[in-house]
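Peer 1: Please find coords_28.pdb (PDB, C-alpha atoms) on the next line:
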ATOM      1  CA  MET A 263     -18.324 -27.653  -0.258
ATOM      2  CA  SER A 264     -16.789 -24.328  -1.205
ATOM      3  CA  GLU A 265     -13.224 -23.806  -2.255
ATOM      4  CA  VAL A 266     -10.686 -22.912   0.459
ATOM      5  CA  TYR A 267      -9.090 -19.451   0.214
ATOM      6  CA  GLY A 268      -6.587 -20.015   3.005
ATOM      7  CA  MET A 269      -6.007 -20.355   6.716
ATOM      8  CA  MET A 270      -6.534 -17.591   9.253
ATOM      9  CA  ALA A 271      -4.947 -17.483  12.691
ATOM     10  CA  GLU A 272      -5.565 -15.082  15.559
ATOM     11  CA  PHE A 273      -2.899 -13.663  17.895
ATOM     12  CA  LYS A 274      -3.157 -12.057  21.330
ATOM     13  CA  SER A 275      -1.183  -8.834  20.816
ATOM     14  CA  SER A 276       0.921  -6.785  18.441
ATOM     15  CA  GLN A 277       4.092  -8.251  19.979
ATOM     16  CA  HIS A 278       2.848 -11.801  19.380
ATOM     17  CA  ILE A 279       1.930 -11.147  15.754
ATOM     18  CA  TYR A 280       5.241  -9.340  15.182
ATOM     19  CA  GLU A 281       7.264 -12.298  16.458
ATOM     20  CA  ALA A 282       5.075 -14.829  14.627
ATOM     21  CA  THR A 283       5.446 -12.917  11.370
ATOM     22  CA  GLY A 284       9.225 -13.244  11.524
ATOM     23  CA  LYS A 285       8.998 -16.967  12.201
ATOM     24  CA  ILE A 286       6.575 -17.480   9.311
ATOM     25  CA  ARG A 287       8.873 -15.504   7.008
ATOM     26  CA  ASP A 288      11.838 -17.621   8.143
ATOM     27  CA  ALA A 289       9.816 -20.784   7.485
ATOM     28  CA  GLY A 290       9.975 -19.899   3.784
ATOM     29  CA  TYR A 291       6.803 -17.908   3.205
ATOM     30  CA  GLY A 292       8.840 -14.744   2.615
ATOM     31  CA  SER A 293       7.541 -11.852   0.541
ATOM     32  CA  SER A 294       5.498 -13.957  -1.870
ATOM     33  CA  GLY A 295       2.403 -11.806  -1.449
ATOM     34  CA  LYS A 296       0.339 -14.912  -0.686
ATOM     35  CA  TRP A 297      -0.036 -14.142   3.022
ATOM     36  CA  ASP A 298      -0.935 -11.050   4.981
ATOM     37  CA  THR A 299      -1.405  -9.603   8.447
ATOM     38  CA  TYR A 300      -4.422  -7.702   9.743
ATOM     39  CA  THR A 301      -4.126  -5.486  12.805
ATOM     40  CA  PRO A 302      -6.383  -2.864  14.426
ATOM     41  CA  PHE A 303      -3.578  -0.288  14.272
ATOM     42  CA  PRO A 304      -0.275   0.062  12.407
ATOM     43  CA  VAL A 305       2.484  -2.090  13.904
ATOM     44  CA  HIS A 306       5.853  -0.448  13.314
ATOM     45  CA  GLY A 307       8.248  -2.667  11.348
ATOM     46  CA  LEU A 308       5.679  -5.370  10.526
ATOM     47  CA  ASP A 309       6.224  -4.892   6.788
ATOM     48  CA  ARG A 310       9.978  -5.485   7.141
ATOM     49  CA  GLN A 311       9.292  -8.412   9.456
ATOM     50  CA  MET A 312       7.147  -9.949   6.702
ATOM     51  CA  GLY A 313       9.975  -9.494   4.216
ATOM     52  CA  LEU A 314       8.091  -7.000   2.072
ATOM     53  CA  THR A 315       9.998  -4.673  -0.202
ATOM     54  CA  ARG A 316       9.727  -0.912  -0.082
ATOM     55  CA  SER A 317       6.611   0.676  -1.523
ATOM     56  CA  HIS A 318       6.598   2.082  -5.055
ATOM     57  CA  VAL A 319       4.396   5.022  -4.027
ATOM     58  CA  PRO A 320       7.338   7.426  -3.367
ATOM     59  CA  TRP A 321       8.543   6.885  -6.944
ATOM     60  CA  ILE A 322       5.046   7.550  -8.267
ATOM     61  CA  VAL A 323       4.902  10.761  -6.187
ATOM     62  CA  LEU A 324       8.316  11.826  -7.546
ATOM     63  CA  LEU A 325       7.165  11.154 -11.101
ATOM     64  CA  GLY A 326       4.018  13.198 -10.417
ATOM     65  CA  GLY A 327       6.099  16.072  -9.021
ATOM     66  CA  ILE A 328       8.453  16.101 -12.008
ATOM     67  CA  THR A 329       5.467  15.988 -14.357
ATOM     68  CA  GLY A 330       3.803  18.851 -12.484
ATOM     69  CA  PHE A 331       6.944  20.980 -12.519
ATOM     70  CA  SER A 332       7.461  20.328 -16.233
ATOM     71  CA  THR A 333       3.813  21.081 -16.978
ATOM     72  CA  GLY A 334       3.998  24.350 -15.035
ATOM     73  CA  MET A 335       7.175  25.360 -16.871
ATOM     74  CA  PHE A 336       5.690  24.485 -20.240
ATOM     75  CA  ILE A 337       2.341  26.233 -19.815
ATOM     76  CA  THR A 338       3.907  29.453 -18.511
ATOM     77  CA  TRP A 339       6.509  29.456 -21.292
ATOM     78  CA  TYR A 340       3.888  28.679 -23.937
ATOM     79  CA  MET A 341       1.388  31.286 -22.749
ATOM     80  CA  ASN A 342       3.792  34.097 -21.821
ATOM     81  CA  GLY A 343       6.770  33.578 -24.096
ATOM     82  CA  PHE A 344       5.356  32.018 -27.247
ATOM     83  CA  ASP A 345       1.581  32.161 -27.707
ATOM     84  CA  TYR A 346       0.936  35.672 -26.429
ATOM     85  CA  PRO A 347       4.221  37.460 -25.721
ATOM     86  CA  LEU A 348       3.572  40.704 -23.927
ATOM     87  CA  VAL A 349       6.204  43.110 -22.670
ATOM     88  CA  VAL A 350       5.153  44.436 -19.267
ATOM     89  CA  GLY A 351       7.394  47.049 -17.666
ATOM     90  CA  GLY A 352      10.395  46.076 -19.795
ATOM     91  CA  LYS A 353      10.515  42.547 -18.349
ATOM     92  CA  PRO A 354      11.421  39.584 -20.557
ATOM     93  CA  TYR A 355       8.670  37.597 -22.233
ATOM     94  CA  TRP A 356       9.394  34.636 -19.998
ATOM     95  CA  SER A 357      11.538  34.114 -16.927
ATOM     96  CA  MET A 358      11.631  31.464 -14.207
ATOM     97  CA  ILE A 359      11.211  34.085 -11.493
ATOM     98  CA  TYR A 360       7.772  35.549 -12.168
ATOM     99  CA  PRO A 361       5.681  32.414 -12.769
ATOM    100  CA  PHE A 362       7.299  30.555  -9.825
ATOM    101  CA  PRO A 363       3.962  30.062  -7.986
ATOM    102  CA  VAL A 364       2.619  28.189 -11.027
ATOM    103  CA  PHE A 365       5.580  25.741 -11.034
ATOM    104  CA  TYR A 366       5.324  25.297  -7.297
ATOM    105  CA  GLU A 367       1.579  24.664  -7.214
ATOM    106  CA  CYS A 368       1.623  22.326 -10.234
ATOM    107  CA  THR A 369       4.424  20.308  -8.593
ATOM    108  CA  ILE A 370       2.437  19.940  -5.376
ATOM    109  CA  LEU A 371      -0.838  19.183  -7.164
ATOM    110  CA  PHE A 372       0.606  16.475  -9.406
ATOM    111  CA  SER A 373       2.557  14.978  -6.467
ATOM    112  CA  ALA A 374      -0.660  14.780  -4.448
ATOM    113  CA  PHE A 375      -2.400  13.074  -7.370
ATOM    114  CA  GLY A 376       0.529  10.652  -7.580
ATOM    115  CA  ALA A 377       0.263   9.841  -3.873
ATOM    116  CA  PHE A 378      -3.493   9.386  -3.973
ATOM    117  CA  PHE A 379      -3.731   7.292  -7.121
ATOM    118  CA  GLY A 380      -0.420   5.524  -6.449
ATOM    119  CA  GLN A 381      -1.615   4.143  -3.131
ATOM    120  CA  PHE A 382      -4.922   3.139  -4.692
ATOM    121  CA  LEU A 383      -3.136   1.228  -7.466
ATOM    122  CA  THR A 384      -0.480  -0.415  -5.298
ATOM    123  CA  ASN A 385      -3.034  -1.428  -2.641
ATOM    124  CA  MET A 386      -5.485  -2.638  -5.311
ATOM    125  CA  LEU A 387      -8.249  -0.407  -3.967
ATOM    126  CA  PRO A 388     -11.171  -0.265  -3.853
ATOM    127  CA  GLN A 389     -11.571  -3.880  -2.841
ATOM    128  CA  HIS A 390     -15.238  -4.342  -2.035
ATOM    129  CA  TYR A 391     -14.975  -8.063  -1.339
ATOM    130  CA  HIS A 392     -12.371 -10.272   0.228
ATOM    131  CA  PRO A 393     -12.914 -13.854   1.425
ATOM    132  CA  VAL A 394     -11.836 -13.026   5.004
ATOM    133  CA  PHE A 395     -14.859 -10.717   5.298
ATOM    134  CA  ASN A 396     -17.043 -13.847   5.651
ATOM    135  CA  ASN A 397     -15.296 -14.962   8.844
ATOM    136  CA  GLU A 398     -17.097 -13.876  12.032
ATOM    137  CA  ALA A 399     -13.898 -13.496  14.070
ATOM    138  CA  PHE A 400     -12.379 -11.219  11.427
ATOM    139  CA  LYS A 401     -14.931  -8.535  12.253
ATOM    140  CA  ARG A 402     -12.831  -7.790  15.357
ATOM    141  CA  HIS A 403      -9.680  -6.970  13.343
ATOM    142  CA  SER A 404     -10.444  -3.263  13.447
ATOM    143  CA  ASP A 405     -11.116  -3.356  17.187
ATOM    144  CA  ASP A 406      -8.836  -5.648  19.187
ATOM    145  CA  ALA A 407      -7.797  -8.708  17.169
ATOM    146  CA  PHE A 408      -4.624  -9.541  15.245
ATOM    147  CA  PHE A 409      -4.704 -11.995  12.330
ATOM    148  CA  ILE A 410      -2.397 -13.693   9.863
ATOM    149  CA  VAL A 411      -3.936 -15.211   6.736
ATOM    150  CA  ILE A 412      -1.945 -17.624   4.586
ATOM    151  CA  GLU A 413      -3.509 -18.203   1.179
ATOM    152  CA  ALA A 414      -4.051 -21.719  -0.148
ATOM    153  CA  LYS A 415      -2.379 -20.792  -3.447
ATOM    154  CA  HIS A 416       0.964 -20.245  -1.677
ATOM    155  CA  PRO A 417       3.450 -22.877  -2.907
ATOM    156  CA  LEU A 418       4.249 -24.002   0.665
ATOM    157  CA  TYR A 419       0.608 -24.243   1.738
ATOM    158  CA  ASP A 420      -0.398 -27.622   3.073
ATOM    159  CA  GLU A 421      -3.365 -27.663   5.439
ATOM    160  CA  LYS A 422      -1.729 -29.794   8.141
ATOM    161  CA  LYS A 423       1.762 -28.283   7.896
ATOM    162  CA  THR A 424       0.437 -24.735   7.807
ATOM    163  CA  ARG A 425      -1.786 -25.359  10.835
ATOM    164  CA  THR A 426       1.178 -26.878  12.701
ATOM    165  CA  LEU A 427       3.368 -23.891  11.834
ATOM    166  CA  LEU A 428       0.720 -21.431  13.015
ATOM    167  CA  GLU A 429       0.293 -23.353  16.281
ATOM    168  CA  GLN A 430       4.077 -23.349  16.808
ATOM    169  CA  VAL A 431       4.284 -19.573  16.405
ATOM    170  CA  GLY A 432       1.616 -18.997  19.074
ATOM    171  CA  ALA A 433      -1.610 -18.657  17.102
ATOM    172  CA  TYR A 434      -4.994 -19.641  18.422
ATOM    173  CA  ASN A 435      -8.450 -19.780  16.857
ATOM    174  CA  ILE A 436      -7.046 -21.163  13.589
ATOM    175  CA  THR A 437      -9.769 -21.479  10.973
ATOM    176  CA  LEU A 438     -10.100 -22.130   7.255
ATOM    177  CA  VAL A 439     -11.351 -19.264   5.123
ATOM    178  CA  ASN A 440     -13.601 -20.189   2.204
ATOM    179  CA  LYS A 441     -13.873 -18.209  -0.998
TER     180      LYS A 441
END
Can you present the structure in this file as structure tokens?

Peer 2:
Amino acid sequence: MSEVYGMMAEFKSSQHIYEATGKIRDAGYGSSGKWDTYTPFPVHGLDRQMGLTRSHVPWIVLLGGITGFSTGMFITWYMNGFDYPLVVGGKPYWSMIYPFPVFYECTILFSAFGAFFGQFLTNMLPQHYHPVFNNEAFKRHSDDAFFIVIEAKHPLYDEKKTRTLLEQVGAYNITLVNK
């Protein structure tokens, strides 16, 4: 017999899963990270309903933008004002006005890298395998099905109590997910 990963429950609609998520959060599961929802489309407010905190990606993007701006400033100063100073038309060796496109483009480029790699890191991507992939019903999650999966390693997980809770919040087709 294989080890149990958790319990998966199916819901009829986005409204049902939204309401159930709040009830599961209030039952003490909170933002532990040991349970998740799977929907065929984004459900507005579902993350707050689960009790999740705000994403760290905006801070990573800001850090990337500041790094890009600083890099652009440094390379233009180094090249134009220090390494190879050249007077062109009586202009100063270095000024913030003339190399503005370099600052601007470096800021955008590094911010985009921050967004791309930040979401990959925070979402733990790429994830080529997950135990729920083995469940036949889960194949419908990208089409018309809504699921909540509570992991067995959650401190409140108890097979009977968790099943009872999921039934109380309106779930059907409750199954165990093996690793």

Peer 1: Pick out the closest residue to Glu281 of chain A from this set: A:Pro393, A:Gly351, A:Gly432, A:Gly380. Count all atoms listed in the file.

Peer 2: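 Under the stated criterion, the closest residue is A:Gly432.
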
Peer 1: Give me, as a list in words, all polymer residues having an atom no more than 10 Å from Gly295 of chain A, counting only C-alpha atoms and skipping those fewer than 5 positions away in the same chain.

Peer 2: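 Those residues are Met312, Gly313, Leu314, Ile412, Glu413 and His416 of chain A.
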
Peer 1: May I have the residues within 8 Å of Tyr366 of chain A as number ranges by chain, using all atoms listed in the file and disregarding those fewer than 4 positions away in the same chain?

Peer 2: A: 331, 334, 362, 370

Peer 1: Where does the PyMOL selection byres ((chain A and resi 296) around 12) land in this file, that is, which residues does it pick, as a list in words?

Peer 2: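 Applied to this file, the PyMOL selection byres ((chain A and resi 296) around 12) selects Tyr267, Gly268, Met269, Arg287, Gly290, Tyr291, Gly292, Ser293, Ser294, Gly295, Trp297, Asp298, Thr299, Met312, Leu314, Ile410, Val411, Ile412, Glu413, Ala414, Lys415, His416, Pro417, Leu418 and Tyr419 of chain A.
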
Peer 1: Could you take the residues named above and write them with C-alpha atoms, as a PDB file, in the frame of the given file?

Peer 2:
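again.pdb was written with the following content:
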ATOM      1  CA  TYR A 267      -9.090 -19.451   0.214  1.00  0.00           C
ATOM      2  CA  GLY A 268      -6.587 -20.015   3.005  1.00  0.00           C
ATOM      3  CA  MET A 269      -6.007 -20.355   6.716  1.00  0.00           C
ATOM      4  CA  ARG A 287       8.873 -15.504   7.008  1.00  0.00           C
ATOM      5  CA  GLY A 290       9.975 -19.899   3.784  1.00  0.00           C
ATOM      6  CA  TYR A 291       6.803 -17.908   3.205  1.00  0.00           C
ATOM      7  CA  GLY A 292       8.840 -14.744   2.615  1.00  0.00           C
ATOM      8  CA  SER A 293       7.541 -11.852   0.541  1.00  0.00           C
ATOM      9  CA  SER A 294       5.498 -13.957  -1.870  1.00  0.00           C
ATOM     10  CA  GLY A 295       2.403 -11.806  -1.449  1.00  0.00           C
ATOM     11  CA  TRP A 297      -0.036 -14.142   3.022  1.00  0.00           C
ATOM     12  CA  ASP A 298      -0.935 -11.050   4.981  1.00  0.00           C
ATOM     13  CA  THR A 299      -1.405  -9.603   8.447  1.00  0.00           C
ATOM     14  CA  MET A 312       7.147  -9.949   6.702  1.00  0.00           C
ATOM     15  CA  LEU A 314       8.091  -7.000   2.072  1.00  0.00           C
ATOM     16  CA  ILE A 410      -2.397 -13.693   9.863  1.00  0.00           C
ATOM     17  CA  VAL A 411      -3.936 -15.211   6.736  1.00  0.00           C
ATOM     18  CA  ILE A 412      -1.945 -17.624   4.586  1.00  0.00           C
ATOM     19  CA  GLU A 413      -3.509 -18.203   1.179  1.00  0.00           C
ATOM     20  CA  ALA A 414      -4.051 -21.719  -0.148  1.00  0.00           C
ATOM     21  CA  LYS A 415      -2.379 -20.792  -3.447  1.00  0.00           C
ATOM     22  CA  HIS A 416       0.964 -20.245  -1.677  1.00  0.00           C
ATOM     23  CA  PRO A 417       3.450 -22.877  -2.907  1.00  0.00           C
ATOM     24  CA  LEU A 418       4.249 -24.002   0.665  1.00  0.00           C
ATOM     25  CA  TYR A 419       0.608 -24.243   1.738  1.00  0.00           C
TER      26      TYR A 419
END

Peer 1: Quick one: pull the distance between atom CA of Asn342 of chain A and atom CA of Gly326 of chain A, Å, one decimal.

Peer 2: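 Interatomic distance here is 23.8 Å.
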
Peer 1: For atom CA of Glu398 of chain A and atom CA of Met270 of chain A, determine how far apart the two atoms are, in Å to one decimal place.

Peer 2: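 Pair atom CA of Glu398 of chain A / atom CA of Met270 of chain A returns 11.5 Å.
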
Peer 1: For Glu272 of chain A, which residue among A:Leu325, A:Ala289, A:Ala399, A:Val364 is the nearest when counting all atoms listed in the file?

Peer 2: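 Distance minimum relative to Glu272 of chain A lands on A:Ala399.
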
Peer 1: Looking at all atoms listed in the file, which of A:Phe336, A:Pro361, A:Val266, A:Tyr355 is the one that sits closest to Leu438 of chain A?

Peer 2: A:Val266
